[in-house]
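target14.csv follows; it contains CSV, C-alpha atoms and all ligand atoms.
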chain,number,residue,atom,x,y,z
A,26,MET,CA,55.2,57.1,1.5
A,27,SER,CA,51.7,58.4,2.0
A,28,LYS,CA,49.7,56.5,4.5
A,29,ILE,CA,46.4,55.0,3.3
A,30,LEU,CA,43.9,53.7,5.9
A,31,VAL,CA,42.3,50.4,4.7
A,32,THR,CA,39.3,49.5,6.8
A,33,GLY,CA,38.4,45.8,6.5
A,34,GLY,CA,41.9,45.3,5.3
A,35,THR,CA,42.2,41.6,6.5
A,36,GLY,CA,39.1,40.8,4.3
A,37,TYR,CA,39.0,39.4,0.8
A,38,ILE,CA,39.2,42.6,-1.3
A,39,GLY,CA,40.9,44.6,1.5
A,40,SER,CA,43.9,42.2,1.8
A,41,HIS,CA,44.4,42.3,-2.0
A,42,THR,CA,44.2,46.1,-2.0
A,43,VAL,CA,46.7,46.3,0.8
A,44,VAL,CA,49.2,44.4,-1.4
A,45,GLU,CA,48.6,46.6,-4.4
A,46,LEU,CA,48.8,49.8,-2.4
A,47,TYR,CA,52.2,48.7,-1.0
A,48,LYS,CA,53.4,47.8,-4.5
A,49,ALA,CA,52.3,51.2,-5.7
A,50,GLY,CA,54.5,52.9,-3.1
A,51,TYR,CA,51.9,53.6,-0.4
A,52,THR,CA,52.0,52.6,3.3
A,53,PRO,CA,48.7,50.8,4.1
A,54,VAL,CA,47.4,50.9,7.6
A,55,ILE,CA,44.6,48.3,8.5
A,56,ILE,CA,41.7,48.6,10.8
A,57,ASP,CA,39.6,45.5,11.2
A,58,ASN,CA,37.4,44.0,13.9
A,59,LEU,CA,38.1,40.5,12.6
A,60,SER,CA,34.3,39.8,12.7
A,61,ASN,CA,34.5,38.2,9.2
A,62,SER,CA,38.2,37.6,8.6
A,63,SER,CA,41.3,36.1,10.3
A,64,SER,CA,44.3,38.0,11.7
A,65,LYS,CA,46.4,35.2,10.1
A,66,ILE,CA,46.0,37.1,6.8
A,67,LEU,CA,48.5,39.7,8.1
A,68,ALA,CA,51.3,37.1,8.0
A,69,GLN,CA,50.1,36.0,4.5
A,70,ILE,CA,50.3,39.6,3.3
A,71,GLU,CA,53.8,39.8,4.8
A,72,LYS,CA,54.9,36.8,2.8
A,73,ILE,CA,53.9,38.7,-0.3
A,74,ILE,CA,55.1,42.2,0.3
A,75,GLY,CA,57.9,41.4,2.8
A,76,VAL,CA,56.6,43.6,5.6
A,77,LYS,CA,53.8,43.1,8.1
A,78,PRO,CA,51.2,45.9,7.6
A,79,GLU,CA,50.3,48.1,10.5
A,80,PHE,CA,47.2,46.7,12.1
A,81,HIS,CA,44.7,48.0,14.6
A,82,GLN,CA,41.8,45.7,15.8
A,83,PHE,CA,38.7,47.6,16.8
A,84,ASP,CA,35.2,48.2,15.7
A,85,LEU,CA,34.5,51.4,13.7
A,86,CYS,CA,31.1,51.5,15.2
A,87,ASP,CA,32.9,52.5,18.4
A,88,THR,CA,32.8,56.3,18.1
A,89,GLU,CA,35.4,57.0,20.8
A,90,GLN,CA,38.0,54.5,19.5
A,91,THR,CA,37.5,55.7,15.9
A,92,THR,CA,37.8,59.4,16.7
A,93,ALA,CA,40.9,58.7,18.9
A,94,PHE,CA,42.6,56.7,16.2
A,95,ILE,CA,42.0,59.3,13.5
A,96,ASN,CA,43.2,62.2,15.8
A,97,ASN,CA,46.3,60.2,16.7
A,98,ASN,CA,47.1,59.5,13.0
A,99,PRO,CA,47.1,62.9,11.3
A,100,ASP,CA,49.5,61.6,8.6
A,101,ILE,CA,46.8,59.4,7.0
A,102,SER,CA,46.0,61.1,3.6
A,103,GLY,CA,43.4,58.7,2.3
A,104,ILE,CA,40.9,56.0,3.3
A,105,ILE,CA,39.6,53.0,1.5
A,106,HIS,CA,36.6,51.9,3.4
A,107,PHE,CA,35.7,48.2,3.0
A,108,ALA,CA,34.6,47.4,6.5
A,109,ALA,CA,30.9,46.4,6.3
A,110,SER,CA,28.6,43.4,6.5
A,111,LYS,CA,28.1,42.1,3.0
A,112,ALA,CA,26.1,38.9,2.7
A,113,VAL,CA,22.9,39.6,0.7
A,114,GLY,CA,21.0,36.7,2.2
A,115,GLU,CA,22.0,37.3,5.8
A,116,SER,CA,20.9,41.0,5.4
A,117,VAL,CA,17.4,39.9,4.8
A,118,GLN,CA,17.4,37.8,8.0
A,119,LYS,CA,19.2,40.5,10.1
A,120,PRO,CA,18.5,44.0,8.6
A,121,LEU,CA,19.3,45.9,11.9
A,122,LYS,CA,22.8,44.3,12.1
A,123,TYR,CA,23.4,45.6,8.5
A,124,TYR,CA,22.0,49.1,9.0
A,125,HIS,CA,23.8,49.5,12.4
A,126,ASN,CA,27.2,48.2,11.3
A,127,ASN,CA,27.3,49.7,7.8
A,128,PHE,CA,26.0,53.2,8.8
A,129,PHE,CA,27.6,53.7,12.2
A,130,SER,CA,31.1,52.7,10.9
A,131,LEU,CA,30.8,55.1,7.9
A,132,ILE,CA,29.4,58.0,9.8
A,133,ASN,CA,32.0,57.6,12.6
A,134,LEU,CA,34.7,57.8,10.0
A,135,LEU,CA,33.3,60.8,8.2
A,136,GLU,CA,32.6,62.7,11.4
A,137,ALA,CA,36.2,62.0,12.7
A,138,TYR,CA,37.4,63.7,9.5
A,139,GLN,CA,35.0,66.6,9.8
A,140,GLU,CA,37.8,69.2,10.1
A,141,LYS,CA,40.4,67.5,8.0
A,142,LYS,CA,40.9,67.1,4.3
A,143,ILE,CA,40.6,63.5,3.3
A,144,ASN,CA,40.5,61.4,0.1
A,145,PHE,CA,37.9,58.7,0.6
A,146,VAL,CA,37.3,55.6,-1.6
A,147,PHE,CA,34.1,53.7,-0.8
A,148,SER,CA,33.4,50.1,-1.5
A,149,SER,CA,30.0,50.1,-3.3
A,150,SER,CA,28.3,47.5,-5.4
A,151,CYS,CA,26.4,47.0,-8.7
A,152,THR,CA,23.5,45.9,-6.5
A,153,VAL,CA,22.5,49.6,-6.5
A,154,TYR,CA,21.4,49.1,-10.1
A,155,GLY,CA,18.9,46.3,-9.3
A,156,GLU,CA,17.9,44.6,-12.5
A,157,PRO,CA,19.2,47.2,-15.1
A,158,ASP,CA,16.8,48.3,-17.8
A,159,ALA,CA,19.7,48.4,-20.3
A,160,LEU,CA,23.0,46.5,-20.5
A,161,PRO,CA,25.9,47.1,-20.2
A,162,VAL,CA,24.8,49.2,-17.2
A,163,THR,CA,26.4,52.7,-17.0
A,164,GLU,CA,27.1,54.8,-13.9
A,165,SER,CA,24.2,57.1,-15.0
A,166,ALA,CA,21.7,54.3,-14.9
A,167,PRO,CA,18.9,54.9,-12.4
A,168,VAL,CA,19.5,53.5,-8.9
A,169,LYS,CA,16.6,51.2,-8.3
A,170,ARG,CA,14.9,50.0,-5.1
A,171,ALA,CA,17.4,47.7,-3.5
A,172,SER,CA,16.4,44.0,-3.4
A,173,SER,CA,18.0,43.5,0.0
A,174,PRO,CA,19.0,45.5,3.1
A,175,TYR,CA,22.6,45.0,2.1
A,176,GLY,CA,22.0,46.6,-1.3
A,177,ASN,CA,20.0,49.4,0.5
A,178,THR,CA,23.0,50.2,2.8
A,179,LYS,CA,25.1,50.7,-0.3
A,180,GLN,CA,22.6,53.0,-1.9
A,181,ILE,CA,22.1,55.1,1.2
A,182,ALA,CA,25.8,55.2,1.9
A,183,GLU,CA,26.4,56.6,-1.5
A,184,GLU,CA,23.8,59.3,-0.8
A,185,ILE,CA,25.5,60.1,2.6
A,186,LEU,CA,28.8,60.5,0.8
A,187,ALA,CA,27.5,62.6,-2.1
A,188,GLU,CA,25.7,65.0,0.3
A,189,SER,CA,28.7,65.2,2.6
A,190,ALA,CA,31.0,66.0,-0.3
A,191,ALA,CA,28.5,68.7,-1.4
A,192,ALA,CA,28.1,70.2,2.1
A,193,TYR,CA,31.6,70.2,3.5
A,194,ASP,CA,34.8,71.2,1.6
A,195,ASN,CA,37.2,68.7,3.2
A,196,TYR,CA,35.9,65.4,1.6
A,197,ASN,CA,37.0,64.2,-1.8
A,198,ILE,CA,35.2,61.0,-2.5
A,199,ILE,CA,35.0,58.2,-5.1
A,200,ALA,CA,32.6,55.3,-4.9
A,201,LEU,CA,33.5,52.1,-6.7
A,202,ARG,CA,30.6,49.9,-7.8
A,203,TYR,CA,31.9,46.3,-7.9
A,204,PHE,CA,30.4,43.6,-10.0
A,205,ASN,CA,31.3,40.1,-8.9
A,206,PRO,CA,34.8,39.8,-7.4
A,207,VAL,CA,36.4,36.3,-7.8
A,208,GLY,CA,39.8,34.7,-7.9
A,209,ALA,CA,42.9,35.1,-5.7
A,210,HIS,CA,46.4,36.5,-5.7
A,211,GLU,CA,48.8,34.6,-8.0
A,212,SER,CA,50.8,33.5,-5.0
A,213,ALA,CA,47.8,31.7,-3.6
A,214,LEU,CA,48.7,33.1,-0.2
A,215,ILE,CA,45.5,35.3,0.0
A,216,GLY,CA,42.1,34.8,-1.4
A,217,GLU,CA,38.4,34.6,-0.6
A,218,LEU,CA,38.0,33.1,2.9
A,219,PRO,CA,34.3,32.5,3.5
A,220,LEU,CA,33.5,31.7,7.2
A,221,GLY,CA,31.0,28.8,7.2
A,222,VAL,CA,29.0,27.8,4.2
A,223,PRO,CA,29.9,30.1,1.2
A,224,GLN,CA,27.1,32.4,0.0
A,225,ASN,CA,28.9,33.3,-3.2
A,226,LEU,CA,29.3,31.1,-6.3
A,227,LEU,CA,33.0,30.8,-6.7
A,228,PRO,CA,34.0,29.6,-3.3
A,229,PHE,CA,31.1,27.1,-3.5
A,230,ILE,CA,32.5,25.9,-6.8
A,231,THR,CA,36.0,25.4,-5.5
A,232,GLN,CA,35.0,23.9,-2.2
A,233,THR,CA,32.8,21.4,-4.1
A,234,ALA,CA,35.7,20.6,-6.5
A,235,ILE,CA,38.1,19.9,-3.7
A,236,GLY,CA,35.5,17.7,-1.8
A,237,LYS,CA,34.7,20.1,1.0
A,238,ARG,CA,31.1,20.3,-0.2
A,239,GLU,CA,29.1,17.4,-1.7
A,240,LYS,CA,27.6,19.4,-4.6
A,241,LEU,CA,26.9,22.9,-5.9
A,242,THR,CA,23.2,23.8,-6.3
A,243,VAL,CA,22.7,26.2,-9.2
A,244,PHE,CA,19.8,28.5,-8.4
A,245,GLY,CA,17.7,28.1,-11.5
A,246,ASN,CA,18.4,27.8,-15.2
A,247,ASP,CA,15.0,29.0,-16.6
A,248,PHE,CA,15.9,32.7,-16.9
A,249,ASP,CA,15.5,34.9,-19.9
A,250,THR,CA,19.1,34.5,-21.0
A,251,PRO,CA,20.8,32.7,-24.0
A,252,ASP,CA,21.5,29.5,-22.0
A,253,GLY,CA,18.8,30.1,-19.3
A,254,TYR,CA,21.4,30.7,-16.5
A,255,CYS,CA,21.9,34.1,-14.7
A,256,ILE,CA,24.6,36.3,-16.1
A,257,ARG,CA,27.2,38.2,-14.1
A,258,ASP,CA,30.3,40.4,-14.7
A,259,PHE,CA,33.0,38.4,-12.9
A,260,ILE,CA,36.1,40.5,-12.1
A,261,HIS,CA,39.5,39.3,-10.8
A,262,VAL,CA,40.0,40.5,-7.3
A,263,VAL,CA,43.6,41.7,-8.2
A,264,ASP,CA,42.1,43.9,-11.0
A,265,LEU,CA,39.6,45.2,-8.5
A,266,ALA,CA,42.3,46.0,-6.0
A,267,LYS,CA,44.2,47.9,-8.6
A,268,ALA,CA,41.1,50.0,-9.3
A,269,HIS,CA,41.3,51.2,-5.6
A,270,VAL,CA,44.9,52.4,-6.1
A,271,ALA,CA,43.8,54.2,-9.3
A,272,ALA,CA,41.0,55.9,-7.3
A,273,ILE,CA,43.4,57.1,-4.6
A,274,GLN,CA,45.8,58.4,-7.3
A,275,LEU,CA,42.9,60.2,-9.1
A,276,LEU,CA,41.9,61.9,-5.8
A,277,GLU,CA,45.5,62.9,-5.0
A,278,LYS,CA,45.8,64.4,-8.5
A,279,GLY,CA,42.4,66.1,-8.2
A,280,ASN,CA,39.4,64.6,-9.8
A,281,PRO,CA,38.1,67.0,-12.5
A,282,ASN,CA,34.7,65.5,-12.2
A,283,GLY,CA,34.4,67.0,-8.7
A,284,LYS,CA,34.3,66.0,-5.0
A,285,TYR,CA,32.0,63.0,-5.4
A,286,ASP,CA,32.2,60.5,-8.3
A,287,VAL,CA,31.2,57.0,-9.1
A,288,PHE,CA,32.9,54.3,-11.3
A,289,ASN,CA,31.8,50.8,-12.4
A,290,VAL,CA,34.5,48.3,-11.6
A,291,GLY,CA,33.9,45.2,-13.8
A,292,THR,CA,35.2,43.7,-17.0
A,293,GLY,CA,32.3,44.9,-19.2
A,294,LYS,CA,31.7,41.2,-20.2
A,295,GLY,CA,29.0,39.0,-18.8
A,296,TYR,CA,29.3,35.2,-18.3
A,297,SER,CA,26.5,32.9,-17.4
A,298,VAL,CA,26.7,30.7,-14.3
A,299,LEU,CA,27.0,27.7,-16.6
A,300,GLU,CA,29.8,29.4,-18.6
A,301,ALA,CA,31.6,30.1,-15.3
A,302,ILE,CA,31.3,26.4,-14.3
A,303,LYS,CA,32.6,25.3,-17.7
A,304,ALA,CA,35.5,27.7,-17.5
A,305,PHE,CA,36.3,26.3,-14.0
A,306,GLU,CA,36.1,22.7,-15.3
A,307,LYS,CA,38.5,23.6,-18.2
A,308,VAL,CA,41.2,25.1,-16.1
A,309,SER,CA,40.9,22.7,-13.1
A,310,GLY,CA,40.5,19.5,-15.1
A,311,LYS,CA,37.7,18.6,-12.6
A,312,THR,CA,34.1,17.6,-13.5
A,313,LEU,CA,32.0,19.7,-11.1
A,314,ASN,CA,29.2,17.9,-9.2
A,315,TYR,CA,26.3,20.3,-9.5
A,316,GLU,CA,22.5,20.2,-9.9
A,317,VAL,CA,20.0,22.8,-10.8
A,318,GLY,CA,17.6,23.7,-8.0
A,319,PRO,CA,15.0,26.4,-7.4
A,320,ARG,CA,15.8,30.1,-7.9
A,321,ARG,CA,17.2,32.2,-5.1
A,322,GLU,CA,15.0,35.0,-3.9
A,323,GLY,CA,16.3,38.4,-5.0
A,324,ASP,CA,18.7,37.2,-7.6
A,325,ILE,CA,19.3,39.6,-10.5
A,326,VAL,CA,18.9,37.8,-13.8
A,327,LYS,CA,21.6,39.6,-15.8
A,328,VAL,CA,24.0,42.4,-15.0
A,329,TYR,CA,27.3,43.5,-16.4
A,330,GLY,CA,29.0,46.9,-16.4
A,331,ASP,CA,29.8,49.5,-19.0
A,332,VAL,CA,33.4,50.3,-18.0
A,333,THR,CA,34.0,53.1,-20.5
A,334,LYS,CA,34.1,55.8,-17.8
A,335,SER,CA,36.5,53.7,-15.6
A,336,SER,CA,38.9,53.3,-18.5
A,337,SER,CA,38.8,56.9,-19.8
A,338,GLU,CA,38.5,58.9,-16.5
A,339,LEU,CA,39.8,56.6,-13.8
A,340,GLY,CA,42.6,55.3,-16.0
A,341,TRP,CA,41.9,51.7,-15.0
A,342,LYS,CA,40.9,48.6,-17.0
A,343,ALA,CA,40.6,45.0,-16.0
A,344,GLN,CA,43.5,42.9,-17.4
A,345,LEU,CA,42.7,39.4,-16.3
A,346,GLY,CA,40.3,37.0,-18.0
A,347,ILE,CA,37.9,34.3,-16.8
A,348,GLU,CA,40.4,31.5,-17.0
A,349,GLU,CA,42.9,33.4,-14.7
A,350,MET,CA,40.0,34.1,-12.3
A,351,MET,CA,39.1,30.4,-12.2
A,352,SER,CA,42.7,29.0,-12.1
A,353,SER,CA,43.7,31.4,-9.3
A,354,ALA,CA,40.6,30.5,-7.3
A,355,TRP,CA,41.4,26.8,-7.7
A,356,LYS,CA,45.1,27.3,-6.7
A,357,TRP,CA,44.0,29.1,-3.5
A,358,GLU,CA,41.5,26.4,-2.6
A,359,ASN,CA,44.3,23.8,-3.0
A,360,TYR,CA,46.6,26.0,-0.8
A,361,LEU,CA,43.9,26.1,1.9
A,362,LYS,CA,43.6,22.3,1.8
A,363,GLU,CA,47.3,22.0,2.9
A,364,ASN,CA,47.4,25.2,4.9
A,365,PRO,CA,44.0,25.8,6.6
A,366,ILE,CA,43.5,29.4,7.8
A,367,GLU,CA,40.7,29.6,10.4
B,401,LIG,C1,26.3,34.8,-8.5
B,401,LIG,C2,25.4,33.9,-9.3
B,401,LIG,C3,23.5,33.0,-8.1
B,401,LIG,C4,25.8,30.6,-5.3
B,401,LIG,C5,26.5,39.2,-4.5
B,401,LIG,C6,26.2,40.6,-4.0
B,401,LIG,C7,27.2,41.5,-4.6
B,401,LIG,C8,28.6,41.0,-4.1
B,401,LIG,C9,28.8,39.6,-4.7
B,401,LIG,C10,29.5,41.8,-2.1
B,401,LIG,C11,23.9,34.1,-9.1
B,401,LIG,C12,24.5,31.9,-8.5
B,401,LIG,C13,25.4,31.5,-6.3
B,401,LIG,C14,25.3,29.2,-5.3
B,401,LIG,C15,24.4,29.7,-7.5
B,401,LIG,N1,28.6,41.0,-2.7
B,401,LIG,N2,24.8,31.0,-7.4
B,401,LIG,N3,24.7,28.8,-6.4
B,401,LIG,O1,24.4,37.5,-5.8
B,401,LIG,O2,25.6,38.1,-8.0
B,401,LIG,O3,26.3,39.2,-5.8
B,401,LIG,O4,27.8,38.8,-4.2
B,401,LIG,O5,30.3,42.5,-2.5
B,401,LIG,O6,27.0,42.8,-4.0
B,401,LIG,O7,24.9,41.0,-4.5
B,401,LIG,O8,26.9,36.8,-6.2
B,401,LIG,O9,28.1,34.7,-6.1
B,401,LIG,O10,26.0,34.9,-4.7
B,401,LIG,O11,25.8,34.7,-7.1
B,401,LIG,O12,23.8,29.3,-8.5
B,401,LIG,O13,25.6,28.4,-4.4
B,401,LIG,O14,25.6,32.5,-8.9
B,401,LIG,O15,22.1,32.6,-8.3
B,401,LIG,O16,23.2,33.9,-10.3
B,401,LIG,P1,25.7,37.9,-6.5
B,401,LIG,P2,26.7,35.2,-6.0
Take the structure in the file and write it out as structure tokens.
Amino acid sequence: MSKILVTGGTGYIGSHTVVELYKAGYTPVIIDNLSNSSSKILAQIEKIIGVKPEFHQFDLCDTEQTTAFINNNPDISGIIHFAASKAVGESVQKPLKYYHNNFFSLINLLEAYQEKKINFVFSSSCTVYGEPDALPVTESAPVKRASSPYGNTKQIAEEILAESAAAYDNYNIIALRYFNPVGAHESALIGELPLGVPQNLLPFITQTAIGKREKLTVFGNDFDTPDGYCIRDFIHVVDLAKAHVAAIQLLEKGNPNGKYDVFNVGTGKGYSVLEAIKAFEKVSGKTLNYEVGPRREGDIVKVYGDVTKSSSELGWKAQLGIEEMMSSAWKWENYLKENPIE
């Protein structure tokens, strides 16, 4: 079974991708520095797939350790690179942490593979589009000035990858531009595990509903949208994980589009924050305690993806709807209440 390196593999999207890789017949190998995740997730993954994934704990910003690992593991045929700092708000407060962590780790990986053929899937984001001029946003939409250092690291990383693929003959690369990943594995054994106060909407909703947070503050409802709330393309994390397997398979087959390619990974459907709250209330049977507060700096008003290219050329399409996203997120929050994972 070909070995696929999953950096950040104990994280939210990484752990779900490890599960789907194994189910697709691959051998996942995890590198994680555990700066934003727990090693207990390894045992949780084992409960799902029946084997404990190979795990190496070190920081990819450490050039020596990264190079040594890659040289000692010549049987790795592909990489899915999740490891990065990813909190939009924190990136505004600590830009140097974001530029250092997100670029040094990427460049160390690429340089370690300078002489070796490698299939490389990169975790990018719809933040590269900024506030799109047209919706649904397509992969050929202009990349706009990022609204945060986090978004800027994704834009510049894509440029580094595109130029590396053009200059060297050993890299075959796909960047996946995520929209808003939510939900959890159906087993409720893995899911989103925010450390501290959640930045993202869904964990804040589920933590409020279970009583861990007093109330959700909705950041504004006076936007130019049908109901006044921001609109997002929420995508189930398991669908997102499967998109990474499809990307590895396309690279193994040979991507007719060339050595660097980009795909939107969303559902193609936008829901407002209010619609998301209502969907959660419907599946959970809970009445959510929320109030509308001031807008959050840098928020995009409305974004959802055109997923035609992903469906026709990546051979992948999201299968799970908003109710499964909400019910799986709620089941995971209830699991955590009985089985805390710190
Ligand atoms: C969604 C909507 C908020 C919290 C970011 C990154 C993106 C990806 C996902 C990493 C917005 C509203 C949120 C809250 C709220 N990150 N909201 N109250 O900002 O769309 O995307 O996270 O992969 O790259 O940009 O996600 O969940 O923070 O916000 O009202 O307590 O929910 O205003 O409209 P976002 P989010």
Step by step, measure atom-to-atom distances between ligand LIG 401 (chain B) and each residue using only C-alpha atoms and all ligand atoms, keep those at most 6 Å, then write them as a list of chain:residue names. A:Lys111, A:Val113, A:Ser150, A:Thr152, A:Asn205, A:Gln224, A:Asn225, A:Leu226, A:Phe229, A:Leu241, A:Thr242, A:Val243, A:Phe244, A:Cys255, A:Val298, A:Arg321, A:Asp324
With C-alpha atoms retained, export the selected residues as a CSV table (one decimal), keeping the file's coordinate frame.
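For reference, result-v1.csv as written:
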chain,number,residue,atom,x,y,z
A,111,LYS,CA,28.1,42.1,3.0
A,113,VAL,CA,22.9,39.6,0.7
A,150,SER,CA,28.3,47.5,-5.4
A,152,THR,CA,23.5,45.9,-6.5
A,205,ASN,CA,31.3,40.1,-8.9
A,224,GLN,CA,27.1,32.4,0.0
A,225,ASN,CA,28.9,33.3,-3.2
A,226,LEU,CA,29.3,31.1,-6.3
A,229,PHE,CA,31.1,27.1,-3.5
A,241,LEU,CA,26.9,22.9,-5.9
A,242,THR,CA,23.2,23.8,-6.3
A,243,VAL,CA,22.7,26.2,-9.2
A,244,PHE,CA,19.8,28.5,-8.4
A,255,CYS,CA,21.9,34.1,-14.7
A,298,VAL,CA,26.7,30.7,-14.3
A,321,ARG,CA,17.2,32.2,-5.1
A,324,ASP,CA,18.7,37.2,-7.6
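Take the candidates A:Ser63, A:Asn359, A:Asn282, A:Asn246 and check each one against Pro319 of chain A using only C-alpha atoms; the shortest distance goes to A:Asn246.
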When you look at Asp100 of chain A with a cut-off of 8 Å (counting all atoms listed in the file), what residues show up, excluding the ones that are within fewer than 2 positions of it in the same chain? I need them as an MDAnalysis selection string. chainID A and resid 27:28 98 102
I'd like the contact shell of Leu276 of chain A - 12 Å cut-off, only C-alpha atoms, skipping same-chain residues fewer than 2 positions apart - returned as a ChimeraX atom specification. /A:102-105,142-146,196-200,269-274,278-286,338-339
Just the residues within 9 Å of Thr52 of chain A, please, counting all atoms listed in the file, with nothing from its chain fewer than 3 positions along; format it as a PDB file with C-alpha atoms, in the frame of the given file.
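New file around_6.pdb:
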ATOM      1  CA  MET A  26      55.200  57.100   1.500  1.00  0.00           C
ATOM      2  CA  SER A  27      51.700  58.400   2.000  1.00  0.00           C
ATOM      3  CA  LYS A  28      49.700  56.500   4.500  1.00  0.00           C
ATOM      4  CA  ILE A  29      46.400  55.000   3.300  1.00  0.00           C
ATOM      5  CA  LEU A  30      43.900  53.700   5.900  1.00  0.00           C
ATOM      6  CA  VAL A  43      46.700  46.300   0.800  1.00  0.00           C
ATOM      7  CA  LEU A  46      48.800  49.800  -2.400  1.00  0.00           C
ATOM      8  CA  TYR A  47      52.200  48.700  -1.000  1.00  0.00           C
ATOM      9  CA  PRO A  78      51.200  45.900   7.600  1.00  0.00           C
ATOM     10  CA  GLU A  79      50.300  48.100  10.500  1.00  0.00           C
TER      11      GLU A  79
END
Calculated over all atoms listed in the file, which of the candidates A:Asp331, A:Glu217, A:Glu322, A:Glu164 has the smallest distance to Gly39 of chain A? A:Glu217
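Checking A:Val54, A:Leu345, A:Val44, A:Ile74 one by one against Gly208 of chain A, counting all atoms listed in the file, you find the shortest gap at A:Leu345.
Across the model, the gap from atom CA of Leu121 of chain A to atom CA of Gln82 of chain A is 22.8 Å.
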Non-local contacts of Ile260 of chain A (12 Å; all atoms listed in the file; under 6 positions in same chain excluded) as a count of residues only: 36
Using only C-alpha atoms, which residue out of A:Ala190, A:Glu358, A:Ala109, A:Ser165 lies closest to Gln139 of chain A? A:Ala190
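Atom pair atom CA of Leu186 of chain A / atom CA of Cys86 of chain A has a distance of 17.1 Å (rounded to one decimal).
Summary of the local environment: counting all atoms listed in the file, residues at most 6 Å from segment 55-59 of chain A, other than itself and those fewer than 5 positions away along its chain, are Val31, Thr32, Gly33, Gly34, Phe80, His81, Gln82, Phe83 and Asp84 of chain A.
Of the listed residues (A:Gly236, A:Gly176, A:Pro223, A:Gly216), A:Gly216 comes nearest to Thr42 of chain A; the distances count all atoms listed in the file.
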Need the neighbours of (50.5, 37.2, 6.7): which residues are at most 10 Å away, counting only C-alpha atoms, as a PyMOL selection string? chain A and resi 35+40+63-78+214-215
